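Taking it in order: structure first as structure tokens, then the write-up.
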2 protein chains.
Amino acid sequence: MADTLTPTALTLKDIAREAGVSLATVDRVLHNRPGVRPDTVRRVKEAIARNSFQPHVAAAELARGRARRFAFVMPSGPNPFMQQIEAYLGEMAAWLSARRLKVEMVATDVFEPAALAASLEALSGDYDGVAVVALDHPSVRAAINDLVDAGTKVVTLVSDVPSSRRHHYVGIDNIAAGRTAGALIGRLVGQRSGKVAIVAGSQGLRDHAERIFGFNQVMATEFPNLSVLPVLEGRDEDERSEQMLARLFGGHADIVGLYNVGAGTQGVAKALNDKALSETGRDKVVFVGHDVTALTRRLLLQGLMDAAISQNPGHEARAAVRVLLALARGEPILSEQEKIRIDIVMRDNLP
Amino acid sequence: MADTLTPTALTLKDIAREAGVSLATVDRVLHNRPGVRPDTVRRVKEAIARNSFQPHVAAAELARGRARRFAFVMPSGPNPFMQQIEAYLGEMAAWLSARRLKVEMVATDVFEPAALAASLEALSGDYDGVAVVALDHPSVRAAINDLVDAGTKVVTLVSDVPSSRRHHYVGIDNIAAGRTAGALIGRLVGQRSGKVAIVAGSQGLRDHAERIFGFNQVMATEFPNLSVLPVLEGRDEDERSEQMLARLFGGHADIVGLYNVGAGTQGVAKALNDKALSETGRDKVVFVGHDVTALTRRLLLQGLMDAAISQNPGHEARAAVRVLLALARGEPILSEQEKIRIDIVMRDNLP
DNA sequence: GGTGTTTTGAGGTACGCAACTCATTTTGAG
DNA sequence: CTCAAAATGAGTTGCGTACCTCAAAACACC
């Protein structure tokens with residue numbers, strides 16, 4: 001009837017007895033301290049494995065003494081998505097302090113590889129873990145590797161640097177996100193034929209480029225009725241995005257879909273709204289973008305926007321902290337838990 | 001630059017000094033033990049609040065000694081969704097044992113109020129917390145309230161009993177889920193007119209009834225081109241669902257959408273597939289259901305199913321454990337973290 | 001003022017582990 | 001076999017809290 005999922009708790013003392021060694025030796029093995037013969041190491045590890053022993057996290061944490069320090073390196077400037085991540089970290093304050101964890105924010109110009117690399121280098125030695133919204137650039141990669149070599153745990157957040165030796169990436173698969181956006185637009189457009197516009201910040205940004213790649217993939221293979229127009233690079237700026245888009249609408253009467261890859265949503269929405277006002281009775285342009293912010297929430301409720309591809313900033317913030325903590329403690333990571341899902345948000349499932 | 005989110009750590013000793021009392025008195029206040037004058041209680045609580053003191057969870061956990069026991073009361077029988085929840089709890093084994101938490105599964109006939117209530121009553125006193133997939137029935141409600149009165153923390157899982165005094169509900173808003181399903185079908189059907197079929201387990205099940213309610217709401221107000229057919233009650237059985245649906249397809253040539261509210265997916269898919277085979281060239285029926293299982297995953301990839309409304313069983317399992325733990329420890333609950341989102345899963349964002 | 005009761009202080013032990021010291025034993029090289 | 005180096009044992013201390021005991025102080029009541 002009642003089926004227990006957890007074995008009885010053992011302590012280090014039990015393991016020492018099992019392995020026929022002293023507590024000190026078990027401790028040395030457990031923390032990779034030198035001065036233990038390979039054969040003894042093996043015996044101890046076997047005893048640990050045989051009993052599937054887990055050190056009591058509470059006891060370990062208490063015995064450590066010093067608090068753990070984590071740094072979050074994030075872009076400076078008014079990016080609503082990043083502000084949300086910060087806000088969620090703030091909401092965790094009680095949770096963090098009950099565990100004696102210190103989390104600090106470090107703002108830096110994330111579009112400037114040298115500045116970002118310098119910010120990372122400056123953290124060396126002072127922190128147990130670092131989460132960074134990274135730029136995929138050789139100097140940034142080198143800075144990350146240096147941190148790792150110094151024993152600091154590093155996770156990349158939102159934007160990955162796969163070629164580095166970071167311990168973990170907390171964020172979505174952007175190619176799949178782009179595919180999802182494409183499938184949504186294709187399906188929501190329905191039977192109609194026409195053109196689809198894309199507005200991105202820059203194709204030089206890894207996540208934007210990946211999203212566009214996935215988007216085009218789906219469009220080409222599944223929706224022959226739709227043709228994709230060249231990507232507009234709005235630099236995530238409202239005005240620039242609006243102007244480029246307005247010009248595009250002027251030149252193409254048969255645009256049925258619009259994919260906004262990055263920010264600059266305010267401008268995109270304005271251009272789209274102006275178009276809608278001037279052409280009463282026509283079919284609506286299907287508009288899909290990214291992230292649930294105060295603005296996109298409003299646009300979804302108004303019906304101007306049809307869907308937002310979201311990556312739950314709260315989950316990302318918490319996952320980053322949990323992963324850093326697990327790495328620092330040497331605990332296994334609950335990969336299923338820390339995986340960031342691609343959320344499709346429409347008006348009726350707005351969180 | 002570096003902005004700390006967490007204050008410096010204090011200990012109970014500091015609070016005692018601050019309040020001008022002894023450690024013993026602080027301890028009495030903290031644990032609501034008797035024998036402290038109201039005025040002294042106030043002084044101590046003020047000192048705690050003034051310094052926003054948080055007991056060190058690790059120390060508290062270690063000092064407790066005994067392990068915490070949680071029970072998960074879930075339906076017996078081969079329900080894939082419930083099996084997934086169990087599987088995810090199994091994956092947490094290391095995490096649980098490192099925290100000296102014991103989680104036990106209790107299987108019971110969840111469709112039988114008396115049996116469920118008896119199972120719950122039997123747990124009284126033995127557990128620190130109970131998670132239960134509940135049935136909304138007076139005797140179940142009474143059993144839950146008895147547990148709560150006995151000091152056991154109770155969370156309802158997947159299916160709520162709002163009228164009880166359970167501490168928390170871990171699950172989705174099923175009305176919103178139904179609305180989401182409706183909006184999806186309406187949007188994916190596009191310009192076409194026609195009828196929409198609904199297959200549910202039973203309208204007596206609270207979650208099914210709520211989903212249907214939300215679904216009809218959206219259909220009535222937003223998609224005048226679609227008319228909803230009477231609900232088929234398939235009792236979550238494959239054969240019965242298939243037969244009822246096949247008959248319905250026979251009687252109505254213009255069905256353009258299908259909403260499967262519960263299980264019995266295998267039968268629903270078979271009926272739908274048979275229909276598709278017999279009518280080449282016709283427009284596809286838009287099919288939306290619930291939960292990502294091995295089966296729905298396959299149907300999504302095949303294109304027979306268009307979207308699944310999902311409630312991430314892994315997240316629900318973990319959230320239930322975390323909430324029970326936080327409740328038992330007296331910690332605040334990270335409501336944003338524990339909230340279960342309504343996921344829209346299509347082929348390209350299959351998790 | 002004396003009585004009994006309530007409130008408070010002081011102190012101890014235990015929890016399981018990290019991190020350290022120092023003495024002792026084992027090992028391997030010469 | 002000798003001796004230094006390496007490996008191991010034995011033990012201590014401290015982390016911050018829970019929980020307990022016992023004595024002292026403050027209080028209420030007559």
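Within each chain, counting starts at residue 1; across the structure tokens, chains are named A, B, ... in the order shown, with ligands numbered 1 upward in that order.
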Per residue of chain A within 10 Å of chain D, record the nearest atom pair and its distance in Å to one decimal, counting only C-alpha atoms (C1' of nucleotides), with rows in chain order and ascending residue number, as CSV.
```
residue,atom,partner,partner_atom,distance
A:Val21,CA,D:DT8,C1',8.1
A:Ser22,CA,D:DG9,C1',6.1
A:Leu23,CA,D:DG9,C1',8.5
A:Ala24,CA,D:DG9,C1',7.6
A:Thr25,CA,D:DT8,C1',7.0
A:Pro34,CA,D:DA7,C1',9.8
A:Gly35,CA,D:DA7,C1',6.1
A:Val36,CA,D:DA7,C1',6.0
A:Arg37,CA,D:DA7,C1',6.8
A:Thr40,CA,D:DA7,C1',9.7
A:Ala59,CA,D:DC15,C1',8.7
A:Ala60,CA,D:DC15,C1',9.4
A:Glu61,CA,D:DC15,C1',8.5
A:Leu62,CA,D:DC15,C1',4.9
A:Ala63,CA,D:DC15,C1',4.8
A:Arg64,CA,D:DC15,C1',7.1
A:Gly65,CA,D:DC15,C1',5.7
A:Arg66,CA,D:DC15,C1',9.3
```
Near-Arg50 in chain A list (10 Å; only C-alpha atoms (C1' of nucleotides); drop same-chain fewer than 6 positions) as a JSON list (two decimals) with N, CA and C atoms, in the first residue's frame:
```
[["chain", "number", "residue", "atom", "x", "y", "z"],
["A", 15, "ILE", "N", 29.09, 5.06, 7.06],
["A", 15, "ILE", "CA", 29.91, 4.79, 5.88],
["A", 15, "ILE", "C", 31.33, 4.42, 6.29],
["A", 18, "GLU", "N", 31.28, 0.89, 7.50],
["A", 18, "GLU", "CA", 31.10, 0.03, 6.33],
["A", 18, "GLU", "C", 32.40, -0.16, 5.56],
["A", 44, "VAL", "N", 35.93, 3.33, -0.15],
["A", 44, "VAL", "CA", 35.01, 4.30, 0.44],
["A", 44, "VAL", "C", 33.88, 4.63, -0.54]]
```
DSSP strand (DSSP E) residues within range 11-138 of chain A, as a VMD selection string: chain A and resid 68 to 75 101 to 108 129 to 132
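Near chain B, the residues of chain C that fall inside 12 Å (using only C-alpha atoms (C1' of nucleotides)) are DT5, DT6, DT7, DT8, DG9, DA10, DG11, DT13, DA14, DC15, DG16 and DC17 of chain C.
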Include N, CA and C atoms (P, O5', C5', C4', C3', O3' and C1' of nucleotides) and write out the residues we just selected as a CSV table (one decimal), in the first residue's frame.
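See part05.csv below for the written result:
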```csv
chain,number,residue,atom,x,y,z
C,5,DT,P,-0.4,26.6,43.1
C,5,DT,O5',-0.2,27.6,41.8
C,5,DT,C5',-1.1,28.7,41.6
C,5,DT,C4',-0.4,29.6,40.6
C,5,DT,C3',0.1,28.9,39.4
C,5,DT,O3',-0.5,29.5,38.3
C,5,DT,C1',1.7,30.5,40.3
C,6,DT,P,-0.2,28.9,36.8
C,6,DT,O5',0.6,30.1,36.2
C,6,DT,C5',0.2,31.4,36.4
C,6,DT,C4',1.3,32.4,36.0
C,6,DT,C3',1.9,32.1,34.6
C,6,DT,O3',1.9,33.3,33.9
C,6,DT,C1',3.6,32.3,36.2
C,7,DT,P,2.3,33.3,32.3
C,7,DT,O5',3.8,33.8,32.4
C,7,DT,C5',4.1,35.1,33.0
C,7,DT,C4',5.5,35.3,33.2
C,7,DT,C3',6.4,35.2,31.9
C,7,DT,O3',7.1,36.4,31.8
C,7,DT,C1',7.4,34.0,33.8
C,8,DT,P,7.9,36.7,30.4
C,8,DT,O5',9.3,36.3,30.9
C,8,DT,C5',10.1,37.0,31.8
C,8,DT,C4',11.3,36.3,32.2
C,8,DT,C3',12.3,36.0,31.1
C,8,DT,O3',13.4,36.9,31.2
C,8,DT,C1',12.1,34.2,32.7
C,9,DG,P,14.6,36.8,30.2
C,9,DG,O5',15.6,35.9,31.1
C,9,DG,C5',15.8,36.3,32.5
C,9,DG,C4',16.9,35.4,33.1
C,9,DG,C3',18.1,35.2,32.2
C,9,DG,O3',19.3,35.3,33.0
C,9,DG,C1',17.1,33.1,32.8
C,10,DA,P,20.7,35.4,32.4
C,10,DA,O5',21.3,33.9,32.5
C,10,DA,C5',21.2,33.3,33.8
C,10,DA,C4',21.6,31.8,33.7
C,10,DA,C3',22.7,31.6,32.6
C,10,DA,O3',23.8,31.0,33.3
C,10,DA,C1',21.0,30.0,32.4
C,11,DG,P,25.2,30.8,32.5
C,11,DG,O5',25.0,29.3,32.0
C,11,DG,C5',24.6,28.3,33.0
C,11,DG,C4',24.1,27.1,32.3
C,11,DG,C3',25.0,26.6,31.2
C,11,DG,O3',25.9,25.6,31.6
C,11,DG,C1',22.7,26.3,30.7
C,13,DT,P,26.3,18.8,28.5
C,13,DT,O5',25.3,18.2,27.5
C,13,DT,C5',24.1,17.6,28.0
C,13,DT,C4',23.2,17.2,26.8
C,13,DT,C3',24.1,16.5,25.7
C,13,DT,O3',23.4,15.3,25.3
C,13,DT,C1',22.8,18.3,24.9
C,14,DA,P,24.2,14.3,24.4
C,14,DA,O5',23.5,14.4,23.0
C,14,DA,C5',22.0,14.4,23.0
C,14,DA,C4',21.6,15.0,21.6
C,14,DA,C3',22.5,14.5,20.5
C,14,DA,O3',21.7,13.7,19.6
C,14,DA,C1',22.1,16.8,20.3
C,15,DC,P,22.4,12.7,18.5
C,15,DC,O5',22.0,13.5,17.2
C,15,DC,C5',20.7,14.0,16.9
C,15,DC,C4',20.8,15.0,15.8
C,15,DC,C3',21.9,14.7,14.8
C,15,DC,O3',21.3,14.0,13.7
C,15,DC,C1',21.8,17.0,15.3
C,16,DG,P,22.0,12.6,13.2
C,16,DG,O5',23.1,13.2,12.1
C,16,DG,C5',22.5,13.9,11.0
C,16,DG,C4',23.6,14.6,10.2
C,16,DG,C3',24.8,13.7,9.9
C,16,DG,O3',25.1,13.8,8.5
C,16,DG,C1',25.6,15.6,11.0
C,17,DC,P,26.3,13.1,7.7
C,17,DC,O5',27.3,14.3,7.6
C,17,DC,C5',26.9,15.5,6.8
C,17,DC,C4',27.8,16.6,7.2
C,17,DC,C3',29.2,16.5,6.7
C,17,DC,O3',29.4,17.4,5.6
C,17,DC,C1',29.1,17.4,8.9
```
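Using only C-alpha atoms (C1' of nucleotides), the protein and nucleic acid residues lying no more than 6 Å from range 220-232 of chain B, apart from those fewer than 3 places from it along its own chain, are Ser193, Gly194, Lys195, Val196, Ala197, Ile198, Val199, Asn216 and Gln217 of chain B.
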Residues of chain A within 7 Å of chain B, counting only C-alpha atoms, as a ChimeraX atom specification: /A:1-6,9,54-59,61-62,90,93,97-100,102-107,176,179-180,187-188,190,315,337,341-344,348-349,351
Test item: residues at most 8 Å from Ala246 in chain B, only C-alpha atoms (C1' of nucleotides), excluding those fewer than 4 positions along its chain, as a PyMOL selection string: chain B and resi 242+250+271-272+275
Point-to-point distance in Å for CA of Arg166 in chain A and CA of Leu325 in chain A: 14.7 Å
Who sits within 8 Å of Met244 in chain A, only C-alpha atoms (C1' of nucleotides), same chain under 3 positions skipped, as a count of residues only: 6
Shell around Glu316 in chain B at 7 Å using only C-alpha atoms (C1' of nucleotides), local window under 3 positions removed, as a PyMOL selection string: chain B and resi 170-171+312-313+319-320+340
I need the residues from that last selection saved to file as a PDB file, in the first residue's frame (with all heavy atoms), if you can.
```pdb
ATOM      1  N   VAL B 170      -2.423  22.802  -5.732  1.00  0.00           N
ATOM      2  CA  VAL B 170      -1.395  22.727  -6.772  1.00  0.00           C
ATOM      3  C   VAL B 170      -2.045  22.173  -8.030  1.00  0.00           C
ATOM      4  O   VAL B 170      -2.326  20.978  -8.123  1.00  0.00           O
ATOM      5  CB  VAL B 170      -0.222  21.824  -6.340  1.00  0.00           C
ATOM      6  CG1 VAL B 170       0.754  21.636  -7.488  1.00  0.00           C
ATOM      7  CG2 VAL B 170       0.494  22.416  -5.139  1.00  0.00           C
ATOM      8  N   GLY B 171      -2.320  23.030  -8.959  1.00  0.00           N
ATOM      9  CA  GLY B 171      -2.958  22.604 -10.197  1.00  0.00           C
ATOM     10  C   GLY B 171      -3.358  23.821 -11.018  1.00  0.00           C
ATOM     11  O   GLY B 171      -3.095  24.953 -10.619  1.00  0.00           O
ATOM     12  N   ASN B 312       2.050  20.099 -17.009  1.00  0.00           N
ATOM     13  CA  ASN B 312       3.370  19.707 -16.525  1.00  0.00           C
ATOM     14  C   ASN B 312       3.367  18.894 -15.230  1.00  0.00           C
ATOM     15  O   ASN B 312       3.590  19.431 -14.155  1.00  0.00           O
ATOM     16  CB  ASN B 312       4.223  20.954 -16.345  1.00  0.00           C
ATOM     17  CG  ASN B 312       5.696  20.610 -16.250  1.00  0.00           C
ATOM     18  OD1 ASN B 312       6.034  19.447 -16.003  1.00  0.00           O
ATOM     19  ND2 ASN B 312       6.549  21.583 -16.467  1.00  0.00           N
ATOM     20  N   PRO B 313       3.155  17.595 -15.339  1.00  0.00           N
ATOM     21  CA  PRO B 313       3.078  16.756 -14.140  1.00  0.00           C
ATOM     22  C   PRO B 313       4.331  16.832 -13.274  1.00  0.00           C
ATOM     23  O   PRO B 313       4.247  16.755 -12.049  1.00  0.00           O
ATOM     24  CB  PRO B 313       2.884  15.355 -14.707  1.00  0.00           C
ATOM     25  CG  PRO B 313       3.321  15.431 -16.122  1.00  0.00           C
ATOM     26  CD  PRO B 313       3.039  16.828 -16.577  1.00  0.00           C
ATOM     27  N   ALA B 319       6.206  20.847  -7.129  1.00  0.00           N
ATOM     28  CA  ALA B 319       5.571  21.952  -6.411  1.00  0.00           C
ATOM     29  C   ALA B 319       4.869  21.445  -5.167  1.00  0.00           C
ATOM     30  O   ALA B 319       4.933  22.067  -4.104  1.00  0.00           O
ATOM     31  CB  ALA B 319       4.601  22.687  -7.329  1.00  0.00           C
ATOM     32  N   ALA B 320       4.209  20.303  -5.277  1.00  0.00           N
ATOM     33  CA  ALA B 320       3.506  19.753  -4.119  1.00  0.00           C
ATOM     34  C   ALA B 320       4.491  19.472  -2.984  1.00  0.00           C
ATOM     35  O   ALA B 320       4.237  19.815  -1.823  1.00  0.00           O
ATOM     36  CB  ALA B 320       2.772  18.474  -4.507  1.00  0.00           C
ATOM     37  N   ILE B 340       0.895  26.636 -11.183  1.00  0.00           N
ATOM     38  CA  ILE B 340       0.996  25.758 -12.347  1.00  0.00           C
ATOM     39  C   ILE B 340       0.426  26.482 -13.559  1.00  0.00           C
ATOM     40  O   ILE B 340      -0.710  26.952 -13.539  1.00  0.00           O
ATOM     41  CB  ILE B 340       0.224  24.451 -12.120  1.00  0.00           C
ATOM     42  CG1 ILE B 340       0.607  23.826 -10.785  1.00  0.00           C
ATOM     43  CG2 ILE B 340       0.476  23.483 -13.261  1.00  0.00           C
ATOM     44  CD1 ILE B 340       2.039  23.433 -10.681  1.00  0.00           C
TER      45      ILE B 340
END
```
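Taking CA of Asn174 in chain A and CA of Glu210 in chain A as the two end points, the separation is 5.6 Å.
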